[in-house]
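Containing compact mmCIF, C-alpha atoms: my_file.txt.
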# COMPACT_ATOMS: atom_id res chain seq x y z
CA MET A 1 2.66 -21.56 5.25
CA LYS A 2 4.06 -18.55 7.08
CA ASN A 3 7.20 -16.95 5.68
CA HIS A 4 10.17 -16.91 8.05
CA THR A 5 12.62 -14.04 8.56
CA THR A 6 16.24 -14.93 9.28
CA VAL A 7 18.73 -12.51 10.86
CA GLU A 8 22.38 -13.48 10.68
CA ARG A 9 25.62 -11.74 11.54
CA LYS A 10 27.79 -12.72 8.57
CA SER A 11 31.04 -11.09 9.76
CA GLU A 12 32.32 -8.52 12.24
CA ARG A 13 30.75 -5.75 10.13
CA GLU A 14 27.84 -7.43 8.29
CA LEU A 15 24.26 -8.20 9.22
CA VAL A 16 21.93 -9.98 6.78
CA VAL A 17 18.14 -10.30 7.00
CA THR A 18 16.41 -12.69 4.57
CA ARG A 19 12.74 -13.41 3.83
CA THR A 20 10.59 -14.72 1.00
CA PHE A 21 7.42 -12.79 0.16
CA ASP A 22 4.34 -14.09 -1.63
CA GLY A 23 4.28 -11.62 -4.48
CA PRO A 24 6.19 -10.52 -7.55
CA ALA A 25 9.40 -8.51 -7.18
CA ARG A 26 7.81 -5.49 -8.86
CA ILE A 27 5.18 -5.11 -6.15
CA VAL A 28 7.57 -5.86 -3.27
CA PHE A 29 9.99 -3.27 -4.71
CA GLU A 30 7.19 -0.70 -4.99
CA ALA A 31 6.31 -1.30 -1.32
CA TRP A 32 9.90 -0.23 -0.52
CA THR A 33 9.98 2.78 -2.84
CA LYS A 34 6.52 4.42 -2.82
CA PRO A 35 5.91 6.50 0.32
CA ASP A 36 2.16 5.79 0.44
CA LEU A 37 2.88 2.04 0.52
CA PHE A 38 6.02 2.22 2.72
CA LYS A 39 4.11 4.07 5.46
CA ARG A 40 1.62 1.21 5.65
CA TRP A 41 4.13 -1.44 6.78
CA TRP A 42 7.52 -0.11 7.93
CA ALA A 43 7.07 0.73 11.66
CA PRO A 44 6.58 -2.32 13.94
CA LYS A 45 3.13 -1.93 15.51
CA SER A 46 4.15 -3.69 18.76
CA MET A 47 6.62 -0.90 19.55
CA GLY A 48 3.77 1.62 19.70
CA MET A 49 5.49 3.85 17.18
CA SER A 50 4.21 5.19 13.94
CA LEU A 51 5.88 6.64 10.88
CA LEU A 52 5.09 10.34 11.33
CA SER A 53 6.63 11.43 8.04
CA CYS A 54 8.08 9.64 5.06
CA GLU A 55 10.03 11.51 2.38
CA MET A 56 11.58 9.41 -0.39
CA ASP A 57 13.29 10.56 -3.58
CA VAL A 58 14.15 7.08 -4.86
CA ARG A 59 16.81 7.73 -7.49
CA VAL A 60 20.61 7.68 -7.47
CA GLY A 61 21.63 10.69 -5.37
CA GLY A 62 18.08 11.13 -4.05
CA LYS A 63 17.49 11.46 -0.32
CA TYR A 64 15.13 9.91 2.19
CA ARG A 65 14.00 10.99 5.65
CA PHE A 66 11.74 9.01 7.98
CA VAL A 67 10.48 10.31 11.33
CA PHE A 68 9.22 7.71 13.82
CA GLY A 69 7.67 7.87 17.25
CA ASP A 70 5.22 10.46 18.46
CA ALA A 71 5.22 14.26 18.42
CA SER A 72 6.81 14.43 21.90
CA LYS A 73 9.77 12.18 21.05
CA PRO A 74 10.36 11.90 17.30
CA MET A 75 13.37 10.01 15.90
CA ALA A 76 14.66 10.83 12.41
CA PHE A 77 16.44 8.44 10.07
CA PHE A 78 17.89 9.79 6.84
CA GLY A 79 20.39 9.19 4.08
CA ARG A 80 20.73 9.00 0.34
CA TYR A 81 20.18 6.39 -2.34
CA ILE A 82 23.42 5.33 -4.04
CA GLU A 83 21.99 2.63 -6.31
CA VAL A 84 18.46 2.09 -7.62
CA THR A 85 17.78 -0.76 -10.04
CA PRO A 86 14.01 -1.08 -10.44
CA TYR A 87 12.53 -4.31 -9.14
CA SER A 88 15.89 -5.86 -8.23
CA ARG A 89 18.17 -3.71 -6.05
CA LEU A 90 18.28 -0.70 -3.70
CA VAL A 91 21.36 0.65 -1.91
CA TRP A 92 21.29 3.54 0.56
CA THR A 93 23.33 5.21 3.26
CA ASN A 94 22.21 5.63 6.87
CA ASP A 95 23.53 9.07 7.80
CA GLU A 96 21.76 9.86 11.06
CA GLY A 97 24.57 8.48 13.24
CA GLY A 98 27.00 11.23 12.31
CA GLU A 99 30.10 9.01 12.26
CA GLY A 100 29.16 7.01 9.22
CA GLY A 101 26.35 4.52 9.61
CA PRO A 102 25.88 1.31 7.71
CA VAL A 103 25.25 1.05 4.00
CA THR A 104 22.10 -1.00 3.36
CA THR A 105 21.63 -3.10 0.24
CA VAL A 106 18.28 -4.77 -0.48
CA THR A 107 17.95 -7.24 -3.33
CA PHE A 108 14.70 -8.60 -4.76
CA GLN A 109 14.89 -11.96 -6.61
CA GLU A 110 11.66 -13.25 -8.12
CA ARG A 111 11.09 -16.99 -8.39
CA GLY A 112 7.73 -18.39 -9.42
CA GLY A 113 5.70 -15.37 -8.34
CA LYS A 114 7.48 -15.14 -4.98
CA THR A 115 10.27 -12.72 -4.06
CA LEU A 116 13.39 -13.58 -2.09
CA LEU A 117 14.43 -10.40 -0.31
CA VAL A 118 17.91 -10.07 1.15
CA MET A 119 18.74 -6.99 3.24
CA HIS A 120 22.47 -6.61 3.83
CA GLU A 121 23.87 -3.98 6.20
CA LEU A 122 27.59 -3.22 6.08
CA TYR A 123 28.78 -1.25 9.10
CA PRO A 124 31.93 0.92 9.09
CA SER A 125 33.47 -1.13 11.93
CA LYS A 126 32.90 -4.07 14.26
CA GLU A 127 32.32 -1.58 17.07
CA ALA A 128 29.56 0.18 15.10
CA LEU A 129 27.72 -3.11 14.54
CA ASP A 130 28.26 -4.14 18.17
CA ALA A 131 26.78 -0.81 19.30
CA ALA A 132 23.80 -1.15 16.94
CA GLY A 133 23.17 -4.75 17.98
CA THR A 134 20.55 -6.82 16.17
CA GLY A 135 17.47 -5.29 17.81
CA ALA A 136 16.31 -3.39 14.74
CA ALA A 137 17.04 -6.37 12.50
CA ASP A 138 15.22 -8.69 14.90
CA ALA A 139 12.17 -6.39 14.68
CA MET A 140 12.17 -6.94 10.92
CA GLY A 141 10.27 -10.21 11.46
CA GLU A 142 7.25 -8.22 12.63
CA THR A 143 7.80 -5.46 10.08
CA PHE A 144 8.07 -7.97 7.25
CA GLY A 145 4.89 -9.64 8.52
CA GLN A 146 3.19 -6.27 8.08
CA LEU A 147 4.59 -6.13 4.54
CA ASP A 148 3.07 -9.59 3.94
CA GLU A 149 -0.31 -8.18 5.03
CA LEU A 150 0.10 -5.22 2.66
CA LEU A 151 0.93 -7.52 -0.24
CA VAL A 152 -2.24 -9.51 0.43
CA ALA A 153 -4.27 -6.28 0.51
CA LEU A 154 -2.69 -5.06 -2.74
CA GLY A 155 -3.40 -8.41 -4.42
CA ALA A 156 -6.98 -8.37 -3.21
CA SER A 157 -7.53 -4.85 -4.52
CA GLY A 158 -5.90 -5.60 -7.88
CA ARG A 159 -3.46 -2.70 -7.42
CA SER A 160 -0.10 -2.99 -9.10
Take the structure in the file and write it out as structure tokens.
Amino acid sequence: MKNHTTVERKSERELVVTRTFDGPARIVFEAWTKPDLFKRWWAPKSMGMSLLSCEMDVRVGGKYRFVFGDASKPMAFFGRYIEVTPYSRLVWTNDEGGEGGPVTTVTFQERGGKTLLVMHELYPSKEALDAAGTGAADAMGETFGQLDELLVALGASGRS
């Protein structure tokens, strides 16, 4: 059975994306925190973009920087990690907007070898969320499908 991604606007400032993954929280968490794994699933293939660079210092106060697109039109996303609890929780800022982007919290809850992932974005204002829309969150269905494929590949290879 295929896992389903839900995207829901919970309030004027909150967007929540939820999905269950077939794999333990430890491996799903590592796919979010190890650059070599993250690069394999994060950019939606249908958009014709790739992750050109991926820098991650996953610790409290550590920074990240992702560059998407192609060499002629790169787009950078960056911020800092404000909470890192291995295998259960990540919280980071999204600083590329200049006027205070959303704070993203991702939780990983393992149940019977599967992981319930909840990604919560809290925007500084209703206007900021309205401007962002749900396009990126809607693309998470494809992106999370790519993470599903990675988890299968990791399970098949015996990597942990």
| Counting all atoms listed in the file, the option among A:Thr5, A:Ser11, A:Ser125, A:Thr20 closest to Glu142 (chain A) |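 Checking each candidate against Glu142 (chain A), we get A:Thr5 as the closest.
The space separating CA of Phe66 (chain A) from CA of Pro44 (chain A) comes to 13.8 Å.
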| request: Could you tell me which of A:Met119, A:Met47, A:Val17, A:Val91 comes closest to His4 (chain A) if we count only C-alpha atoms? | output: A:Val17
| Hey, which of A:Trp32, A:Tyr123, A:Trp41, A:Phe77 ends up closest to Arg13 (chain A)? Count only C-alpha atoms. |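 Among the listed residues, the smallest separation from Arg13 (chain A) belongs to A:Tyr123.
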| query | So what do you get for CA of Thr93 (chain A) versus CA of Gln109 (chain A), distance-wise? | reply | 21.5 Å
| said: Env of region 22-27 of chain A: 6 Å cut, atoms = all atoms listed in the file, seq-sep filter 5 positions within chain, self excluded. Answer as a ChimeraX atom specification. | reply: /A:87,108,110,113-115
Counting all atoms listed in the file, what are the residues of region 5-94 of chain A within 6 Å of region 104-107 of chain A, and for each of them which pair of atoms is the nearest and at what distance in Å, to one decimal? Sort the table by chain and rising number, as a Markdown table.
| residue | atom | partner | partner_atom | distance |
| --- | --- | --- | --- | --- |
| A:Ser88 | CA | A:Thr107 | CA | 5.5 |
| A:Arg89 | CA | A:Thr107 | CA | 4.5 |
| A:Leu90 | CA | A:Val106 | CA | 5.2 |
| A:Val91 | CA | A:Thr105 | CA | 4.3 |
| A:Trp92 | CA | A:Thr104 | CA | 5.4 |
| query | Could you name the residues that touch Ala128 (chain A) at 10 Å or less, counting only C-alpha atoms, but leaving out those on the same chain fewer than 3 positions away, as an NGL selection string? | reply | :A and (12-13 or 97 or 99-102 or 122-125 or 131-133)
| message | Calculated over all atoms listed in the file, which of the candidates A:Leu150, A:Gly145, A:Pro74, A:Arg59 has the smallest distance to Lys2 (chain A)? | response |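 Looking at the shortest contact to Lys2 (chain A), the residue is A:Gly145.
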